[in-house]
Amino acid sequence: MDIITSHINADFDSLASMIAAKKLYPDAVIVFPGSQEKKLRDFIEAFQPVEIKRIKDIDLSKATRLIIVDTKIPGRIGPLAELLSNKGIKIHIYDHHPFHEGDIRGDVEMIENIGATATIFTEILKQRRLPPTPIEATILALGIYEETGSLLFPSTTERDLIAVSYLLKRGANLNIVSSFLKMEMSIEELDLLNELVQSSKEMLIGGIRIRIAKASREGYFGDAAHLAHRMMDMEEIDTVVVLLSMEGKILMVARSKVPEMDVSMVMREFGGGGHPTAASATIKEASLEVVEERLTELLHKYVKPGKVASDIMTSPVISIHWDSSIKEAEAMMTRYGVNVLPVLKEEKYTGIISREIVGKALFHGFGKSKSIEFSTTDAITVGPHTPIRDIETLMIEQNQRFMPVLDDDRIIGAITRTDLLRTLYEEFLRRRKIEETVTKEKPSISRNLSSWLKERFPSEIYKILKLSGEVAEEAGFIAYLVGGSVRDLLRGEANLDIDIVIEGDGISFAKAFGERLNAKVRTHQTFGTAQVITDTFKLDVATARTEYYESPAALPKVETSSIKKDLYRRDFTINTLAIKLNPKDFGLLIDFFGGQRDLREKTIRVLHNLSFIEDPTRAFRAIRFSERFGFKISKHTDNLIKLAIKMNLFDRLSGPRLYEELRLSFNETEPLRTLKRLSDFGLLKVIHPNIILNEELEATFKSMQETISWFNLLFLEERTDKGILYLMALLSGLTDDDVKAVIERLSPPPRVKDIIMNSMSQAKEILKRLPHDDPVGIYNLLSKIKLETILFAMAISKDRQKQKAMSRYLTDLRNVKTILKGNDLKDMGIHPGPVYSRMLKELLEEKLRGHLKAREDEERFIRQFTQG
C-alpha cells in the first residue's frame with residue numbers, strides 16, 4: 001500500500017501537493033498526520049476535492065511506500081513517523097525546504113529551493129503531460145499563492161510565477177483562490193492581534209531587531225501565520241516570533257526579513273521547520289514562560305551578527321601629525337582628495353580637522369599654525385564592533401559627517417556619510433530582493449556573485465579565488481578580485497586576467513599564497529605588487545593603494561590605502577568594480593562609483609573632473625573601451641577630453657605610455673573606426689602634427705585590414721602584432737624625418753623600434769625591385785625580410801601584381817625546401833667544398849621554378865650540374 005502524507009497543521013500547499021502526488025501515484029491513499037488549518041478544513045468541506053483517509057482507518061503494517069510532501073522532518077508527520085523504522089518501506093520525498101541534519105532521507109528525493117512544493121508538482125505534471133483538472137489547478141494555485149504570500153514573499157521565484165501561469169491556462173479559478181486567501185480580520189483576530197502587539201517586547205541582538213509576542217486562548221484558534229505578517233507590516237522590525245497558547249499546546253510562528261536571522265533553524269529546535277524567512281513549530285505540554293525563555297536563548301545562538309563599524313569603515317586612514325601646519329593640512333587634503341583628516345600625536349588619536357576649518361584658518365592668516373590648534377577634539381568616535389544602527393543614530397543626531405573608528409586610542413578606520421548611506425541603501429535593496437541585470441541579470445549593489453564565479457570561471461580559477469580569500473582571512477587581510485575580469489563577468493564575457501587587491505600587505509599575502517599553491521612568487525617591493533605563477537596560470541597581486549600626481553601628466557606617486565581609494569584611482573567607472581573573496585563575504589560585489597549603472601547604460605565615464613589632467617592617456621583609453629565594447633562616451637567625459645587637448649597636456653605625456661595605448665587600441669578594436677574617433681577628437685596631432693586622416697590614410701588602413709584578414713585566414717601558427725602593423729600604417733604618409741620623430745617620441749621597445757624603422761624603409765625598396773613572375777627573384781628578395789615588413793609592403797602597394805607576388809611568397813615559395821642536403825651530395829660521390837653551396841643554391845632555384853618534383857629529379861639535376 002502506498003501512503004501520501006504531509007505535515008501536522010497542514011496548509012493549502014500540503015493539500016495541493018498531496019492531490020498532485022495522487023496523480024503520480026494513483027493507487028496511493030491520502031492521509032493527514034494530524035490537524036489542518038481552519039481555512040483548509042473549510043475548503044475540503046466545501047469542495048471535497050479528493051478522498052482523504054484517517055490514520056485509524058488504515059492498516060499501517062501494510063504500507064510499502066510512503067510519499068511525503070512539503071516536509072521531511074520526522075516529528076512533523078505524526079504517528080506515520082513509526083513507518084520510518086520499517087526497513088522494507090520505500091520513502092519518496094517532495095519538498096521545497098532545504099535539507100538539515102536529522103531530516104528524513106528518501107529513496108526518491110525531489111527537493112527544490114523555490115516558493116512552494118505545489119510548484120514542484122505543477123512542473124512535474126506539465127513535464128509528464130498529466131494536465132490537472134480545473135479544480136486541481138485551482139488547489140495547486142491556492143498552495144502556491146498561500147505559500148508565497150500571493151507571490152510577494154522574498155522566497156518567491158520565477159518558477160513559481162511560471163507555474164501559476166500554467167495553472168491559469170488549465171482553468172485555475174482565481175475567485176476561489178481569492179475567497180480563501182482574503183485577509184479580512186474577524187473580531188476575534190483583531191482582539192488577538194491587539195493582545196499580541198500589547199504583550200510584545202523588542203530585543204536587539206547583533207544589530208537585528210527582534211520582537212516576541214505572546215497570547216493565550218482557551219479554545220482552538222485557526223491560522224495565526226497571517227497575524228505574524230500583520231505585525232511585520234505594522235512596524236519596521238527584522239524578525240517577529242508569535243507564541244500562541246491554546247488547547248494545551250503552544251503554536252509558534254516566526255517570520256524574518258533579514259538573512260542574519262534564519263528562523264527555520266530556531267523552529268527546528270522545537271521540532272518544527274520551514275524556510276529561513278518563514279517557519280513554525282508546535283510545542284506540547286509547556287508554559288509560555290518556559291518556551292519564551294528557551295526561545296530567547298536560541299535567538300542569541302542563531303542570530304548572525306549584523307554589520308558593525310569594521311565591516312564598512314575605510315582603512316587605512318590618511319591622517320596628519322599634530323604639529324603639521326594648517327598649510328600642510330590643506331596640501332594633504334588636496335593631494336589625497338579628502339575633506340577630513342584625523343590628527344595624531346605619537347600615533348594616538350587626538351581629534352579631527354576639516355577642510356572647512358582649514359580654509360577659514362588660511363583666510364585669517366593662520367597657515368603656519370599647528371593642526372592640533374584648530375582640530376575638533378571632542379568629535380564622537382566608535383569602536384570596531386559598534387553596530388551600524390548606532391553609528392547611523394550618532395552621525396545624524398550629532399551632524400557628524402566623518403566618524404573615526406578607534407581601537408583604544410589608535411585610529412584603525414573611518415566611516416563617512418557616503419559609506420553609511422551606501423550601506424543603508426544596500427540593506428534596503430537586499431531586504432526587498434531587488435535584483436537588476438547587466439546582461440541577462442542585473443546584479444544589485446549588494447548582490448553576491450559567488451554562483452556566477454563558480455559557473456563562469458574554470459573550476460581551477462574558482463578554487464584559486466576561494467583559496468585566496470582563505471589565505472587572506474588567516475593573515476588578517478581582505479582580498480578582492482578587481483579589474484577587467486569583474487567587469488567582463490558582468491558583461492557576460494570570459495576574462496581570465498586575474499588581479500587581486502589586498503587590504504593589508506599584498507607582498508606578504510602573495511608569499512603565503514604561493515606557499516599554499518607551491519608556486520613561484522615574484523615581488524616588487526617599490527610598488528607593493530607581486531605575481532604568483534604556477535604551471536597553468538599567472539595571478540597579479542597588489543596592495544590596496546592611493547595615488548596622487550605632483551603635476552599634470554606626471555607618473556603617479558603611490559601610497560598604501562583602502563580598497564575604496566584603490567578603486568577611485570582607476571580610469572573609468574566600469575573598471576572600479578570589485579568582488580570580495582574572504583570566506584564570510586565570498587562573492588560580494590563592491591560598487592562604490594556606479595560601475596554597474598554604466599555597464600547597463602553602456603557608457604564610458606571618468607570618476608572625477610581632473611582624470612585626464614592627471615593622466616591624459618585615459619583619453620586614448622576611453623576611445624579604446626568605447627570601440628571595443630560598443631559603448632558611448634558620456635557627454636561630460638567627452639567635454640573633459642576636449643578640455644585636456646585644449647590645455648596641451650599631451651605634450652608632457654610619457655611616450656611609452658602613449659605607444660602602449662595605441663598598440664592596444666589597434667589590437668583590441670576595429671582600427672579604422674578607432675582612427676576616425678581619434679581624428680574627431682583631435683588626438684592624432686598628439687602623435688604628430690602632420691598625421692591627418694585623409695582618403696590616402698583611410699585607404700591604407702582598409703588595405704592593412706584586408707591584408708591582415710587574408711593572412712589570418714591562412715591559419716598559420718605564425719602570429720604578428722596587429723598593433724605594430726597599424727602603427728606603421730598610421731605613419732605611412734609621413735616623411736622619413738617625421739617617422740623618426742614619432743618613434744623617438746613614442747620610445748617603443750628596441751625590437752619594435754627596429755621593426756618599424758626597417759620595415760618602413762625596406763618596404764619602399766621592395767616595391768621598387770620586386771619582380772612579378774620570377775619565383776627565384778621573388779624568393780631572393782623576400783627570404784631575409786621580416787614578416788611584418790612584407791605584410792606592410794602588401795598593404796601599401798597599389799600594384800596588384802606585386803601584391804600577388806608577395807602573397808605567392810608567403811603561401812608557397814618561402815616553404816620550398818630541397819630534399820637533398822650536404823650529406824646526400826657526399827653520398828653521391830661529390831667531394832665536399834664551396835661547390836656544395838653553389839650546387840644547393842642552383843638546386844633550390846630550379847625547384848622554385850617548379851622543375852623538380854621528386855628526389856630522383858633533384859639527383860638527376862645534381863648529376864647534370866657536375867657533368868657540366
# chains A, B, ... in the order shown; residues from 1 in each chain; ligands from 1
>>> select_by_dssp(residues="range 78-206 of chain A", states="strand (DSSP E)", output="list in words")
Lys90, Ile91, His92, Ile93, Tyr94, Asp95, Val108, Glu109, Met110, Ile111, Lys201, Glu202, Met203, Leu204 and Ile205 of chain A
>>> residues_around(residues="Ile412 in chain A", least_positions_apart="6", cutoff="10 Å", atoms="only C-alpha atoms", output="PDB file with N, CA, C and O atoms, in the first residue's frame")
ATOM      1  N   SER A 310      33.634  47.888  11.708  1.00  0.00           N
ATOM      2  CA  SER A 310      34.782  47.326  10.986  1.00  0.00           C
ATOM      3  C   SER A 310      34.401  46.762   9.623  1.00  0.00           C
ATOM      4  O   SER A 310      35.256  46.590   8.758  1.00  0.00           O
ATOM      5  N   MET A 313      34.017  50.380   7.400  1.00  0.00           N
ATOM      6  CA  MET A 313      34.952  51.506   7.523  1.00  0.00           C
ATOM      7  C   MET A 313      35.997  51.483   6.415  1.00  0.00           C
ATOM      8  O   MET A 313      36.312  50.438   5.839  1.00  0.00           O
ATOM      9  N   THR A 314      36.527  52.658   6.119  1.00  0.00           N
ATOM     10  CA  THR A 314      37.652  52.798   5.208  1.00  0.00           C
ATOM     11  C   THR A 314      38.939  52.675   6.028  1.00  0.00           C
ATOM     12  O   THR A 314      39.082  53.326   7.068  1.00  0.00           O
ATOM     13  N   SER A 315      39.849  51.843   5.561  1.00  0.00           N
ATOM     14  CA  SER A 315      41.095  51.636   6.290  1.00  0.00           C
ATOM     15  C   SER A 315      42.190  51.229   5.303  1.00  0.00           C
ATOM     16  O   SER A 315      41.910  50.501   4.343  1.00  0.00           O
ATOM     17  N   PRO A 316      43.443  51.703   5.468  1.00  0.00           N
ATOM     18  CA  PRO A 316      43.891  52.655   6.493  1.00  0.00           C
ATOM     19  C   PRO A 316      43.402  54.073   6.190  1.00  0.00           C
ATOM     20  O   PRO A 316      42.944  54.361   5.079  1.00  0.00           O
ATOM     21  N   VAL A 317      43.504  54.946   7.192  1.00  0.00           N
ATOM     22  CA  VAL A 317      43.007  56.309   7.079  1.00  0.00           C
ATOM     23  C   VAL A 317      44.180  57.272   6.908  1.00  0.00           C
ATOM     24  O   VAL A 317      45.183  57.167   7.618  1.00  0.00           O
ATOM     25  N   TYR A 349      45.206  58.958  18.530  1.00  0.00           N
ATOM     26  CA  TYR A 349      44.184  59.861  18.006  1.00  0.00           C
ATOM     27  C   TYR A 349      43.934  61.004  18.984  1.00  0.00           C
ATOM     28  O   TYR A 349      43.768  60.778  20.191  1.00  0.00           O
ATOM     29  N   GLY A 383      33.887  52.245  18.221  1.00  0.00           N
ATOM     30  CA  GLY A 383      34.824  51.124  18.191  1.00  0.00           C
ATOM     31  C   GLY A 383      34.560  50.229  17.005  1.00  0.00           C
ATOM     32  O   GLY A 383      33.537  50.369  16.313  1.00  0.00           O
ATOM     33  N   PRO A 384      35.424  49.274  16.739  1.00  0.00           N
ATOM     34  CA  PRO A 384      35.260  48.408  15.558  1.00  0.00           C
ATOM     35  C   PRO A 384      34.008  47.546  15.600  1.00  0.00           C
ATOM     36  O   PRO A 384      33.529  47.101  14.560  1.00  0.00           O
ATOM     37  N   PRO A 404      35.463  58.637  13.204  1.00  0.00           N
ATOM     38  CA  PRO A 404      36.679  57.857  13.447  1.00  0.00           C
ATOM     39  C   PRO A 404      36.345  56.532  14.140  1.00  0.00           C
ATOM     40  O   PRO A 404      35.474  56.485  15.014  1.00  0.00           O
ATOM     41  N   VAL A 405      37.023  55.474  13.748  1.00  0.00           N
ATOM     42  CA  VAL A 405      36.866  54.167  14.388  1.00  0.00           C
ATOM     43  C   VAL A 405      38.153  53.877  15.152  1.00  0.00           C
ATOM     44  O   VAL A 405      39.232  53.797  14.539  1.00  0.00           O
ATOM     45  N   LEU A 406      38.038  53.755  16.480  1.00  0.00           N
ATOM     46  CA  LEU A 406      39.217  53.620  17.330  1.00  0.00           C
ATOM     47  C   LEU A 406      39.291  52.244  17.967  1.00  0.00           C
ATOM     48  O   LEU A 406      38.262  51.646  18.316  1.00  0.00           O
TER      49      LEU A 406
END
>>> closest_residue(among="A:Arg65, A:Lys39, A:Pro656, A:Thr277", to="Pro750 in chain A", atoms="only C-alpha atoms")
A:Pro656
>>> select_by_dssp(residues="range 106-253 of chain A", states="alpha helix (DSSP H)", output="ChimeraX atom specification")
/A:117-127,134-147,158-169,174-181,187-199,225-234
>>> residues_around(residues="Lys56 in chain A", least_positions_apart="5", cutoff="12 Å", atoms="only C-alpha atoms", output="MDAnalysis selection string")
chainID A and resid 31:34 79:80
>>> atom_distance(atom1="CA of Lys257 in chain A", atom2="CA of Ile68 in chain A")
28.5 Å
>>> residues_around(residues="range 449-464 of chain A", least_positions_apart="5", cutoff="8 Å", atoms="only C-alpha atoms", output="PyMOL selection string")
chain A and resi 443+489+494+496+579+586-589
>>> residues_around(residues="Ala81 in chain A", least_positions_apart="6", cutoff="12 Å", atoms="only C-alpha atoms", output="list in words")
Thr5, Ser6, His7, Ile8, Pro33, Gly34, Leu60, Leu66, Ile68, Lys72, Ile73, Pro74, Gly75, Ile89, Ile91, Asp103 and Ile104 of chain A
>>> write_last_selection(atoms="C-alpha atoms", output="PDB file, in the first residue's frame")
ATOM      1  CA  THR A   5       1.078  12.395   3.641  1.00  0.00           C
ATOM      2  CA  SER A   6       2.338  15.840   4.691  1.00  0.00           C
ATOM      3  CA  HIS A   7       2.967  17.730   7.922  1.00  0.00           C
ATOM      4  CA  ILE A   8       0.864  18.400  11.013  1.00  0.00           C
ATOM      5  CA  PRO A  33      -0.950  13.015  10.008  1.00  0.00           C
ATOM      6  CA  GLY A  34      -2.745  15.475  12.284  1.00  0.00           C
ATOM      7  CA  LEU A  60      -0.008   0.898   8.650  1.00  0.00           C
ATOM      8  CA  LEU A  66       5.476   6.426   1.995  1.00  0.00           C
ATOM      9  CA  ILE A  68       5.950  12.670   1.998  1.00  0.00           C
ATOM     10  CA  LYS A  72      10.969  15.964   5.731  1.00  0.00           C
ATOM     11  CA  ILE A  73      11.138  16.453   9.486  1.00  0.00           C
ATOM     12  CA  PRO A  74      10.314  13.207  11.349  1.00  0.00           C
ATOM     13  CA  GLY A  75       8.488  14.987  14.158  1.00  0.00           C
ATOM     14  CA  ILE A  89       9.325   0.597   3.171  1.00  0.00           C
ATOM     15  CA  ILE A  91      10.414   6.664   1.054  1.00  0.00           C
ATOM     16  CA  ASP A 103      15.862  15.197   8.130  1.00  0.00           C
ATOM     17  CA  ILE A 104      14.233  12.127   6.622  1.00  0.00           C
TER      18      ILE A 104
END
>>> residues_around(residues="Phe681 in chain A", least_positions_apart="6", cutoff="10 Å", atoms="only C-alpha atoms", output="list in words")
Ala619, Phe620, Ile623, Asp638, Ile641, Lys642 and Ile645 of chain A
>>> decode(residues="range 510-526 of chain A", atoms="C-alpha atoms", output="PDB file, in the first residue's frame")
ATOM      1  CA  ALA A 510      51.446  36.665  -2.165  1.00  0.00           C
ATOM      2  CA  LYS A 511      54.237  34.789  -0.373  1.00  0.00           C
ATOM      3  CA  ALA A 512      51.782  32.910   1.855  1.00  0.00           C
ATOM      4  CA  PHE A 513      49.519  32.213  -1.122  1.00  0.00           C
ATOM      5  CA  GLY A 514      52.473  30.981  -3.180  1.00  0.00           C
ATOM      6  CA  GLU A 515      53.441  28.549  -0.428  1.00  0.00           C
ATOM      7  CA  ARG A 516      49.919  27.088  -0.362  1.00  0.00           C
ATOM      8  CA  LEU A 517      49.990  26.656  -4.143  1.00  0.00           C
ATOM      9  CA  ASN A 518      53.627  25.592  -4.343  1.00  0.00           C
ATOM     10  CA  ALA A 519      54.000  28.402  -6.894  1.00  0.00           C
ATOM     11  CA  LYS A 520      56.713  30.890  -7.832  1.00  0.00           C
ATOM     12  CA  VAL A 521      56.327  34.400  -6.436  1.00  0.00           C
ATOM     13  CA  ARG A 522      57.908  37.492  -7.942  1.00  0.00           C
ATOM     14  CA  THR A 523      57.717  40.589  -5.777  1.00  0.00           C
ATOM     15  CA  HIS A 524      58.137  44.307  -6.482  1.00  0.00           C
ATOM     16  CA  GLN A 525      58.704  45.986  -3.136  1.00  0.00           C
ATOM     17  CA  THR A 526      58.639  49.521  -4.533  1.00  0.00           C
TER      18      THR A 526
END
